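What follows is the content of structure37.cif (mmCIF, C-alpha atoms and all ligand atoms).
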data_upload
#
loop_
_atom_site.label_atom_id
_atom_site.label_comp_id
_atom_site.auth_asym_id
_atom_site.auth_seq_id
_atom_site.Cartn_x
_atom_site.Cartn_y
_atom_site.Cartn_z
CA MET L 1 0.00 0.00 0.00
CA ASN L 2 1.99 2.96 -1.22
CA GLU L 3 -0.68 5.60 -1.76
CA PRO L 4 -0.67 8.38 0.83
CA ILE L 5 -3.15 7.79 3.65
CA LYS L 6 -6.22 10.02 3.41
CA LYS L 7 -8.32 8.47 6.15
CA ILE L 8 -7.39 6.94 9.51
CA ALA L 9 -9.72 4.89 11.70
CA VAL L 10 -9.38 4.67 15.47
CA LEU L 11 -10.91 2.20 17.93
CA THR L 12 -10.72 1.29 21.61
CA SER L 13 -10.76 -2.39 22.55
CA GLY L 14 -10.50 -4.69 25.58
CA GLY L 15 -10.85 -3.23 29.06
CA ASP L 16 -11.45 0.52 29.17
CA ALA L 17 -8.90 2.74 30.86
CA PRO L 18 -8.99 6.38 31.97
CA GLY L 19 -7.20 8.47 29.35
CA MET L 20 -8.54 6.56 26.33
CA ASN L 21 -10.69 9.60 25.51
CA ALA L 22 -7.66 11.86 25.65
CA ALA L 23 -5.94 9.50 23.19
CA ILE L 24 -8.96 9.53 20.84
CA ARG L 25 -9.02 13.32 20.99
CA ALA L 26 -5.32 13.53 20.15
CA VAL L 27 -5.72 11.13 17.21
CA VAL L 28 -8.69 13.09 15.84
CA ARG L 29 -6.93 16.43 16.19
CA ALA L 30 -3.65 15.18 14.76
CA CYS L 31 -5.61 13.91 11.74
CA SER L 32 -7.20 17.31 11.38
CA TYR L 33 -3.81 19.03 11.76
CA TYR L 34 -2.38 16.89 8.94
CA SER L 35 -5.56 17.31 6.82
CA ILE L 36 -6.66 13.69 7.00
CA GLU L 37 -10.13 12.41 7.73
CA CYS L 38 -10.65 10.48 10.95
CA VAL L 39 -13.18 7.69 11.37
CA GLY L 40 -14.25 6.56 14.83
CA VAL L 41 -15.09 2.86 15.08
CA TYR L 42 -17.55 2.04 17.85
CA ARG L 43 -17.27 -1.06 20.10
CA GLY L 44 -13.76 -2.10 19.11
CA TYR L 45 -13.34 -5.02 16.71
CA GLN L 46 -17.05 -5.81 16.83
CA GLY L 47 -17.81 -2.38 15.36
CA LEU L 48 -15.13 -2.96 12.74
CA ILE L 49 -16.92 -6.14 11.67
CA GLU L 50 -20.37 -4.50 11.71
CA GLY L 51 -19.24 -1.30 9.98
CA ASP L 52 -20.19 0.82 12.99
CA PHE L 53 -18.17 3.80 11.72
CA GLU L 54 -18.59 7.56 12.07
CA ILE L 55 -16.49 10.45 10.78
CA ILE L 56 -15.23 12.40 13.81
CA SER L 57 -14.11 16.01 13.59
CA SER L 58 -12.07 18.07 16.03
CA ARG L 59 -15.23 19.63 17.46
CA ASN L 60 -16.73 16.20 18.18
CA VAL L 61 -13.97 15.56 20.70
CA SER L 62 -14.36 18.80 22.68
CA ASN L 63 -14.72 18.33 26.44
CA ILE L 64 -13.68 14.68 26.56
CA ILE L 65 -10.06 15.00 27.71
CA ASN L 66 -11.22 14.95 31.33
CA LYS L 67 -13.62 12.01 31.01
CA GLY L 68 -12.97 8.40 32.00
CA GLY L 69 -14.13 5.45 29.88
CA THR L 70 -14.20 5.74 26.09
CA ILE L 71 -16.66 7.66 23.90
CA LEU L 72 -16.08 5.01 21.21
CA LYS L 73 -17.12 2.25 23.65
CA SER L 74 -15.19 -0.96 23.98
CA ALA L 75 -16.19 -4.57 23.45
CA ARG L 76 -14.74 -8.05 23.45
CA SER L 77 -15.35 -9.57 20.01
CA LEU L 78 -15.29 -13.33 19.59
CA GLU L 79 -16.04 -12.94 15.89
CA PHE L 80 -12.77 -11.08 15.32
CA LYS L 81 -10.97 -14.20 16.48
CA THR L 82 -12.26 -15.93 13.32
CA LYS L 83 -10.83 -15.43 9.84
CA GLU L 84 -14.32 -14.70 8.48
CA GLY L 85 -14.82 -11.98 11.07
CA ARG L 86 -11.53 -10.33 10.21
CA ALA L 87 -12.36 -10.53 6.48
CA LYS L 88 -15.60 -8.60 7.13
CA ALA L 89 -13.60 -5.98 9.02
CA TYR L 90 -11.18 -5.60 6.12
CA LYS L 91 -14.02 -5.23 3.62
CA ASN L 92 -15.59 -2.45 5.72
CA LEU L 93 -12.32 -0.56 6.03
CA LYS L 94 -11.73 -0.74 2.27
CA GLU L 95 -15.30 0.33 1.48
CA HIS L 96 -14.88 3.37 3.72
CA GLY L 97 -11.55 4.28 2.11
CA VAL L 98 -9.62 3.87 5.35
CA GLY L 99 -5.87 3.63 4.79
CA GLY L 100 -4.61 3.10 8.35
CA LEU L 101 -5.89 1.92 11.69
CA ILE L 102 -5.04 2.99 15.25
CA LEU L 103 -5.79 0.45 18.00
CA ILE L 104 -6.02 1.61 21.59
CA GLY L 105 -6.00 -1.38 23.93
CA GLY L 106 -3.97 -4.12 25.58
CA ASP L 107 -2.28 -7.40 24.72
CA GLY L 108 -5.37 -9.08 23.26
CA THR L 109 -6.12 -6.08 21.08
CA PHE L 110 -2.57 -6.13 19.71
CA THR L 111 -2.70 -9.90 19.12
CA GLY L 112 -5.85 -9.52 17.02
CA GLY L 113 -4.40 -6.49 15.25
CA LEU L 114 -1.20 -8.29 14.35
CA LYS L 115 -3.13 -11.20 12.82
CA PHE L 116 -5.25 -8.75 10.85
CA MET L 117 -2.19 -6.90 9.57
CA GLN L 118 -0.47 -10.10 8.51
CA GLU L 119 -3.54 -11.45 6.71
CA PHE L 120 -4.50 -8.30 4.81
CA ASN L 121 -1.31 -6.25 4.79
CA PHE L 122 -3.31 -3.43 6.37
CA PRO L 123 -1.28 -0.61 8.00
CA LEU L 124 -1.93 -0.31 11.72
CA VAL L 125 -0.38 1.10 14.85
CA GLY L 126 -1.11 0.32 18.52
CA ILE L 127 -1.40 2.59 21.55
CA PRO L 128 -1.12 0.87 24.96
CA GLY L 129 -4.33 1.55 26.89
CA THR L 130 -4.78 -0.59 29.98
CA ILE L 131 -4.64 0.12 33.70
CA ASP L 132 -2.38 -2.89 34.37
CA ASN L 133 0.87 -1.44 32.90
CA ASP L 134 1.74 -4.96 31.76
CA ILE L 135 2.82 -4.17 28.21
CA TYR L 136 6.39 -4.49 27.08
CA GLY L 137 7.96 -1.54 25.24
CA THR L 138 6.53 1.35 27.22
CA ASP L 139 7.26 2.67 30.69
CA ASN L 140 3.60 3.53 31.17
CA THR L 141 0.29 2.47 29.68
CA ILE L 142 -2.63 4.88 29.50
CA GLY L 143 -4.78 4.60 32.63
CA TYR L 144 -2.18 3.11 34.94
CA ASP L 145 -1.30 6.35 36.73
CA THR L 146 -4.97 7.20 37.29
CA ALA L 147 -5.67 3.70 38.62
CA LEU L 148 -2.75 4.02 41.05
CA ASN L 149 -4.07 7.32 42.35
CA THR L 150 -7.56 5.86 42.75
CA VAL L 151 -6.23 2.87 44.68
CA VAL L 152 -4.06 5.02 46.96
CA GLU L 153 -6.99 7.33 47.73
CA VAL L 154 -9.18 4.39 48.70
CA ILE L 155 -6.48 2.73 50.83
CA ASP L 156 -5.94 6.02 52.69
CA LYS L 157 -9.61 5.93 53.63
CA ILE L 158 -9.51 2.27 54.64
CA ARG L 159 -6.46 2.99 56.81
CA ASP L 160 -8.53 5.41 58.92
CA THR L 161 -10.93 2.67 59.91
CA ALA L 162 -8.20 0.01 60.17
CA SER L 163 -6.23 2.01 62.70
CA SER L 164 -9.31 2.93 64.74
CA HIS L 165 -10.27 -0.71 65.30
CA ASN L 166 -7.01 -2.74 65.30
CA ARG L 167 -8.09 -4.20 62.02
CA LEU L 168 -6.13 -6.18 59.51
CA PHE L 169 -7.34 -5.29 56.04
CA PHE L 170 -6.76 -7.32 52.91
CA ILE L 171 -7.28 -5.08 49.92
CA GLU L 172 -7.45 -6.79 46.55
CA VAL L 173 -6.44 -4.70 43.57
CA MET L 174 -6.48 -5.47 39.83
CA GLY L 175 -3.65 -7.40 38.20
CA ARG L 176 -4.31 -11.04 37.29
CA ASP L 177 -0.86 -11.57 35.83
CA ALA L 178 1.08 -8.52 36.94
CA GLY L 179 1.62 -6.90 40.32
CA PHE L 180 2.49 -3.38 39.15
CA ILE L 181 -0.64 -1.77 40.58
CA ALA L 182 -0.28 -3.61 43.91
CA LEU L 183 3.41 -2.83 44.30
CA ASN L 184 3.28 0.86 43.42
CA ALA L 185 -0.02 1.66 45.12
CA GLY L 186 1.09 -0.44 48.10
CA ILE L 187 4.26 1.62 48.52
CA GLY L 188 2.35 4.86 47.91
CA ALA L 189 -0.26 4.01 50.52
CA GLY L 190 2.24 2.69 53.06
CA ALA L 191 1.00 -0.92 53.07
CA GLU L 192 2.52 -3.30 55.60
CA GLU L 193 2.55 -6.16 53.10
CA ILE L 194 2.24 -6.35 49.33
CA LEU L 195 1.43 -9.68 47.71
CA ILE L 196 2.03 -9.99 43.96
CA PRO L 197 2.05 -12.88 41.46
CA GLU L 198 5.69 -12.29 40.49
CA LYS L 199 6.91 -13.03 44.01
CA ASN L 200 5.16 -15.82 45.83
CA ILE L 201 6.40 -15.58 49.44
CA GLY L 202 4.19 -18.42 50.67
CA LEU L 203 1.84 -18.51 53.65
CA GLU L 204 4.46 -19.31 56.26
CA LYS L 205 6.69 -16.38 55.44
CA PHE L 206 3.70 -14.10 55.23
CA VAL L 207 2.53 -15.10 58.73
CA GLU L 208 6.08 -14.63 60.00
CA SER L 209 6.17 -11.15 58.57
CA LEU L 210 2.80 -10.19 60.10
CA ASN L 211 4.07 -11.51 63.45
CA LYS L 212 7.16 -9.34 63.17
CA GLY L 213 4.98 -6.30 62.57
CA LYS L 214 2.84 -7.15 65.60
CA ASP L 215 5.94 -7.61 67.80
CA SER L 216 7.25 -4.22 66.67
CA GLY L 217 4.08 -2.57 67.98
CA LYS L 218 1.80 -2.47 64.93
CA THR L 219 -1.83 -2.67 65.97
CA SER L 220 -3.37 -2.58 62.52
CA SER L 221 -2.21 -3.57 59.08
CA ILE L 222 -2.96 -2.99 55.44
CA VAL L 223 -2.12 -5.85 53.10
CA VAL L 224 -2.41 -5.08 49.40
CA VAL L 225 -3.07 -8.21 47.37
CA SER L 226 -2.84 -8.42 43.61
CA GLU L 227 -5.71 -10.41 42.00
CA GLY L 228 -3.20 -12.94 40.70
CA ASP L 229 -1.37 -13.53 43.99
CA LYS L 230 -0.60 -17.20 44.49
CA ILE L 231 -1.20 -17.67 48.26
CA GLY L 232 -4.62 -19.27 48.60
CA LYS L 233 -7.24 -19.58 45.85
CA ASN L 234 -8.29 -15.99 46.35
CA VAL L 235 -8.10 -13.14 48.84
CA PHE L 236 -10.97 -14.56 50.93
CA GLU L 237 -9.23 -17.92 51.37
CA LEU L 238 -6.04 -16.07 52.29
CA ALA L 239 -7.91 -14.04 54.92
CA ASP L 240 -9.40 -17.27 56.34
CA HIS L 241 -5.92 -18.76 56.76
CA ILE L 242 -4.73 -15.66 58.59
CA THR L 243 -7.78 -15.52 60.88
CA GLU L 244 -6.58 -18.80 62.41
CA SER L 245 -3.12 -17.37 63.18
CA PHE L 246 -4.26 -13.95 64.44
CA PRO L 247 -7.49 -14.34 66.43
CA GLU L 248 -6.84 -10.96 68.13
CA TYR L 249 -7.18 -9.08 64.84
CA ASP L 250 -10.49 -8.08 63.34
CA ILE L 251 -9.84 -9.20 59.76
CA ARG L 252 -11.63 -7.59 56.84
CA VAL L 253 -11.43 -8.00 53.08
CA SER L 254 -12.03 -5.25 50.53
CA VAL L 255 -12.09 -6.04 46.82
CA LEU L 256 -11.72 -2.75 44.97
CA GLY L 257 -12.89 -4.12 41.60
CA HIS L 258 -14.05 -1.95 38.73
CA MET L 259 -13.78 1.36 40.56
CA GLN L 260 -10.09 1.12 39.63
CA ARG L 261 -10.96 1.56 35.96
CA GLY L 262 -13.16 4.61 36.38
CA GLY L 263 -12.79 8.30 37.06
CA SER L 264 -11.29 11.33 35.47
CA PRO L 265 -7.77 10.66 34.12
CA SER L 266 -4.79 12.13 35.97
CA CYS L 267 -2.80 14.90 34.31
CA PHE L 268 -0.03 12.37 33.66
CA ASP L 269 -2.40 10.08 31.75
CA ARG L 270 -3.89 12.96 29.77
CA VAL L 271 -0.46 14.15 28.65
CA LEU L 272 0.72 10.60 27.94
CA ALA L 273 -2.42 9.83 25.91
CA SER L 274 -2.07 13.09 23.97
CA ARG L 275 1.55 12.35 23.10
CA LEU L 276 0.86 8.75 22.07
CA GLY L 277 -2.18 9.77 19.99
CA VAL L 278 -0.24 12.37 18.01
CA ALA L 279 2.75 10.03 17.57
CA ALA L 280 0.48 7.20 16.34
CA VAL L 281 -0.94 9.36 13.55
CA GLU L 282 2.54 10.56 12.62
CA ALA L 283 3.82 6.96 12.59
CA LEU L 284 1.12 5.89 10.12
CA LEU L 285 1.86 8.90 7.92
CA ASP L 286 5.55 7.91 8.00
CA LYS L 287 4.47 4.47 6.75
CA SER L 288 5.21 2.67 10.01
CA THR L 289 3.04 -0.37 10.60
CA GLY L 290 2.86 -3.28 13.04
CA VAL L 291 4.31 -1.18 15.83
CA MET L 292 3.15 0.04 19.20
CA ILE L 293 3.88 3.62 20.19
CA GLY L 294 5.15 3.84 23.74
CA ILE L 295 7.07 6.08 26.06
CA THR L 296 10.57 5.17 27.22
CA GLU L 297 12.53 7.45 29.53
CA ASN L 298 10.09 10.22 28.67
CA LYS L 299 10.67 9.91 24.91
CA ILE L 300 8.29 8.53 22.31
CA SER L 301 9.40 5.03 21.34
CA LYS L 302 8.27 2.39 18.86
CA VAL L 303 8.30 -1.33 19.45
CA GLU L 304 7.15 -4.10 17.12
CA LEU L 305 3.70 -5.34 18.11
CA GLU L 306 5.03 -8.87 18.12
CA LYS L 307 7.57 -7.95 20.81
CA ALA L 308 5.05 -5.90 22.80
CA ILE L 309 2.82 -8.98 22.95
CA LYS L 310 5.42 -11.67 23.58
CA MET L 311 7.75 -10.01 26.06
CA ASN L 312 7.02 -9.14 29.67
CA ASN L 313 8.02 -6.27 31.88
CA ASP L 314 10.03 -7.39 34.88
CA ILE L 315 8.96 -6.27 38.29
CA ASN L 316 11.29 -3.55 39.58
CA LYS L 317 13.55 -5.15 42.23
CA GLU L 318 14.45 -1.79 43.72
CA LEU L 319 10.74 -1.18 44.39
CA LEU L 320 10.45 -4.58 46.08
CA LYS L 321 13.32 -3.59 48.35
CA VAL L 322 11.79 -0.19 49.10
CA ALA L 323 8.51 -1.90 50.01
CA GLU L 324 10.33 -4.25 52.37
CA ILE L 325 12.41 -1.53 54.04
CA THR L 326 9.62 1.01 54.47
CA SER L 327 7.27 -1.47 56.08
CA VAL L 328 9.46 -2.52 59.04
P1 LIG L 401 -7.05 -5.63 28.71
O1 LIG L 401 -5.56 -5.77 28.95
O2 LIG L 401 -7.61 -4.42 29.30
O3 LIG L 401 -7.83 -6.88 29.01
P2 LIG L 401 -6.98 -6.46 25.95
O4 LIG L 401 -6.76 -5.70 24.69
O5 LIG L 401 -5.91 -7.45 26.32
O6 LIG L 401 -7.22 -5.40 27.10
P3 LIG L 401 -8.82 -8.63 25.31
O7 LIG L 401 -10.24 -8.80 25.69
O8 LIG L 401 -7.86 -9.69 25.66
O9 LIG L 401 -8.38 -7.20 25.89
O10 LIG L 401 -8.74 -8.44 23.71
C1 LIG L 401 -9.58 -7.49 23.04
C2 LIG L 401 -10.11 -8.08 21.77
O11 LIG L 401 -9.02 -8.40 20.89
C3 LIG L 401 -10.88 -9.39 21.90
O12 LIG L 401 -12.22 -9.18 22.28
C4 LIG L 401 -10.77 -9.96 20.50
O13 LIG L 401 -11.74 -9.39 19.64
C5 LIG L 401 -9.38 -9.49 20.06
N1 LIG L 401 -8.43 -10.60 20.22
C6 LIG L 401 -7.84 -11.03 21.37
N2 LIG L 401 -7.07 -12.11 21.15
C7 LIG L 401 -7.18 -12.39 19.83
C8 LIG L 401 -6.65 -13.40 18.96
N3 LIG L 401 -5.83 -14.36 19.44
N4 LIG L 401 -6.98 -13.37 17.66
C9 LIG L 401 -7.81 -12.42 17.17
N5 LIG L 401 -8.35 -11.45 17.93
C10 LIG L 401 -8.06 -11.43 19.23
#
Would you mind writing the file's structure down as structure tokens?
Amino acid sequence: MNEPIKKIAVLTSGGDAPGMNAAIRAVVRACSYYSIECVGVYRGYQGLIEGDFEIISSRNVSNIINKGGTILKSARSLEFKTKEGRAKAYKNLKEHGVGGLILIGGDGTFTGGLKFMQEFNFPLVGIPGTIDNDIYGTDNTIGYDTALNTVVEVIDKIRDTASSHNRLFFIEVMGRDAGFIALNAGIGAGAEEILIPEKNIGLEKFVESLNKGKDSGKTSSIVVVSEGDKIGKNVFELADHITESFPEYDIRVSVLGHMQRGGSPSCFDRVLASRLGVAAVEALLDKSTGVMIGITENKISKVELEKAIKMNNDINKELLKVAEITSV
């Protein structure tokens, strides 16, 4: 495809994340700046298959930079996982004269996008939008900073009640495969313990550590648990185990759930999303394809989608040490 791109389509897919709207806005306005038409695709890949398209102009994205969620909606599309589904999507894009596609989403979104690109040689670029920060090739994903701030704010509130009643609180945060939210929010909120999937300390060591805290004079504790932590089947089972060892504590469990996805994006996420949105349009115009636009050491970076999907971010060992030292 060597003709210059005249129309770019943008969609949001997978789990929504605060800042996706700021990214959509930046894509739309960068298109306008470079005199290209922008098509919004509703409901992610499902909308691509159904032809749920609408031309979006700069004025259509006024007053959305501060809003959580995504004005384009998101959806999980089983049909896009089939070759027939992807063929329908390609036909719709061609019929609408779209020459490039911008995908805002996570790992699954990029996996589907990569397949689509390989099958139809269709130019596309990814923007990492997920609160989990579990995507290789970028220091931050859109929504992660906002989610951290939301979690810290809630833990601060829970701490008030925990310390008033000698309570031991288990607070489950999002992160089925990655403990980035738990580790960073845990440090930021001053948690006594942080349990993450990347570092399974085991029940015995965990009890030992709680005992140490008690012996040093702690009368209440906050334990931040990542969804994917490996001690016990889930946070409730973990709390049951601990109840047996610490009958003097009033043990409570709080599962923060979807509130972590919502809310107005932080300034960091708005700026990040704006930068990635502009860079994604510029990348397509420069004939880049099959890449994800990220941010590395505060500079725009590009990584092949294949790498972004296959490789994992390591947990920061220095942060693990800081968590251990600051909770004595
Ligand atoms: P989050 O990290 O927030 O969950 P995600 O982008 O990983 O976001 P998924 O639900 O895993 O979210 O993927 C989004 C969509 O991408 C799926 O609904 C599906 O349409 C498409 N997709 C995922 N995996 C594949 C695949 N192997 N082949 C084709 N399409 C896929």
Find the nearest atom pair between each residue of chain L and ligand LIG 401 (chain L) for residues within 10 Å, count all atoms listed in the file, give distances in Å to one decimal, sort rows by chain and ascending number, and present the table as a tab-separated table.
residue	atom	partner	partner_atom	distance
L:Thr12	CA	L:LIG401	O4	8.6
L:Ser13	CA	L:LIG401	C1	5.3
L:Gly14	CA	L:LIG401	O9	3.3
L:Gly15	CA	L:LIG401	O2	3.5
L:Asp16	CA	L:LIG401	O2	6.3
L:Ala17	CA	L:LIG401	O2	7.4
L:Arg43	CA	L:LIG401	O12	9.8
L:Gly44	CA	L:LIG401	C2	7.5
L:Tyr45	CA	L:LIG401	O13	5.5
L:Gln46	CA	L:LIG401	O13	7.0
L:Ser74	CA	L:LIG401	C1	8.7
L:Ala75	CA	L:LIG401	O12	6.2
L:Arg76	CA	L:LIG401	O12	3.0
L:Ser77	CA	L:LIG401	O13	3.6
L:Leu78	CA	L:LIG401	O13	5.3
L:Glu79	CA	L:LIG401	O13	6.7
L:Phe80	CA	L:LIG401	O13	4.8
L:Lys81	CA	L:LIG401	C9	3.7
L:Thr82	CA	L:LIG401	C9	6.9
L:Lys83	CA	L:LIG401	C9	8.5
L:Gly85	CA	L:LIG401	C9	9.3
L:Arg86	CA	L:LIG401	C9	8.2
L:Leu103	CA	L:LIG401	O4	9.1
L:Ile104	CA	L:LIG401	O4	8.0
L:Gly105	CA	L:LIG401	O4	4.5
L:Gly106	CA	L:LIG401	O4	3.3
L:Asp107	CA	L:LIG401	O5	4.0
L:Gly108	CA	L:LIG401	O10	3.5
L:Thr109	CA	L:LIG401	O4	3.7
L:Phe110	CA	L:LIG401	O4	6.5
L:Thr111	CA	L:LIG401	C7	5.2
L:Gly112	CA	L:LIG401	N5	3.3
L:Gly113	CA	L:LIG401	N5	6.9
L:Leu114	CA	L:LIG401	C9	8.3
L:Lys115	CA	L:LIG401	C9	6.5
L:Phe116	CA	L:LIG401	C9	7.7
L:Pro128	CA	L:LIG401	O4	8.7
L:Gly129	CA	L:LIG401	O2	7.2
L:Thr130	CA	L:LIG401	O2	4.8
L:Ile131	CA	L:LIG401	O2	7.0
L:Asp132	CA	L:LIG401	O1	6.9
L:Asn133	CA	L:LIG401	O1	8.7
L:Asp134	CA	L:LIG401	O1	7.9
L:Ile135	CA	L:LIG401	O1	8.6
L:Gly175	CA	L:LIG401	O1	9.6
L:Arg176	CA	L:LIG401	O3	9.9
L:Arg261	CA	L:LIG401	O2	9.6
L:Ile309	CA	L:LIG401	O5	9.5
Could you tell me which of L:Val28, L:Ala9, L:Leu238, L:Ile325 comes closest to Arg59 of chain L if we count only C-alpha atoms?
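The answer is L:Val28, which sits nearest to Arg59 of chain L.
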May I have the residues within 9 Å of Leu72 of chain L as a list of chain:residue names, using only C-alpha atoms and disregarding those fewer than 6 positions away in the same chain?
->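 Within the cut-off, the hits are L:Val10, L:Leu11, L:Thr12, L:Asn21, L:Ile24, L:Gly40, L:Val41, L:Tyr42, L:Arg43, L:Gly44.
The residue that comes closest to Gly213 of chain L, out of L:Glu304, L:Glu282, L:Glu324, L:Glu54 and on the basis of only C-alpha atoms, is L:Glu324.
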Of L:Val39, L:Ala239, L:Cys267, L:Met292, the one sitting nearest Thr138 of chain L when using only C-alpha atoms is L:Met292
task: For Ser58 of chain L, work out the shell of residues within 12 Å, counting all atoms listed in the file and skipping chain neighbours fewer than 5 positions away, then give it as JSON, numbers by chain.
output: {"L": [24, 25, 26, 27, 28, 29, 30, 31, 32, 33, 35, 36, 37, 38, 39, 40, 63, 64]}
Item to check | Residue nearest Lys317 of chain L among L:Asp177, L:Glu198, L:Asp156, L:Asp145 (counting only C-alpha atoms) | outcome: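 So, comparing all the options, the nearest one is L:Glu198.
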Ala273 of chain L proximity check over L:Tyr144, L:Thr161, L:Ala23, L:Ile49, using all atoms listed in the file: winner is L:Ala23
Nearest to Gly263 of chain L, restricted to all atoms listed in the file and choosing among L:Gly69, L:Asn298, L:Val152, L:Gly228, comes out as L:Gly69
### Message
Quick check, in Å to one decimal: how far apart do atom CA of Ile231 of chain L and atom CA of Asn316 of chain L lie?
### Response
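Here the two named atoms are 20.8 Å from each other.
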Given 8 Å on each side, where is the centre and what are the edge lengths in Å to one decimal of the axis-aligned box enclosing the listed atoms of segment 104-115 of chain L, as lines of an AutoDock Vina configuration file?
center_x = -3.7
center_y = -4.8
center_z = 19.2
size_x = 20.9
size_y = 28.8
size_z = 28.8
*asked:* Rounded to one decimal, what separation in Å do you get between atom CA of Val207 of chain L and atom CA of His241 of chain L?
replied: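 Calculated distance between atom CA of Val207 of chain L and atom CA of His241 of chain L is 9.4 Å.
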What is the distance between atom CA of Gly202 of chain L and atom CA of Ile242 of chain L, in Å to one decimal?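 Going from atom CA of Gly202 of chain L over to atom CA of Ile242 of chain L, I get 12.2 Å.
The list of residues with at least one atom within 6 Å of segment 285-291 of chain L, based on all atoms listed in the file and without residues fewer than 4 positions apart in the same chain, reads Pro123, Leu124, Val125, Val303, Glu304 and Leu305 of chain L.
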Using all atoms listed in the file, determine which residues lie at most 12 Å from Ile158 of chain L, disregarding the query and same-chain residues fewer than 5 positions distant; provide the list as a PyMOL selection string.
-> chain L and resi 151-153+163-165+167-171+189-191+220-224+252-256
Item to complete: Determine, counting all atoms listed in the file, which protein, DNA and RNA residues have an atom within 7 Å of an atom of Pro197 of chain L; residues of the same chain fewer than 4 positions away are not included. Present the result as a ChimeraX atom specification.
Response: /L:177-179,226,228-230
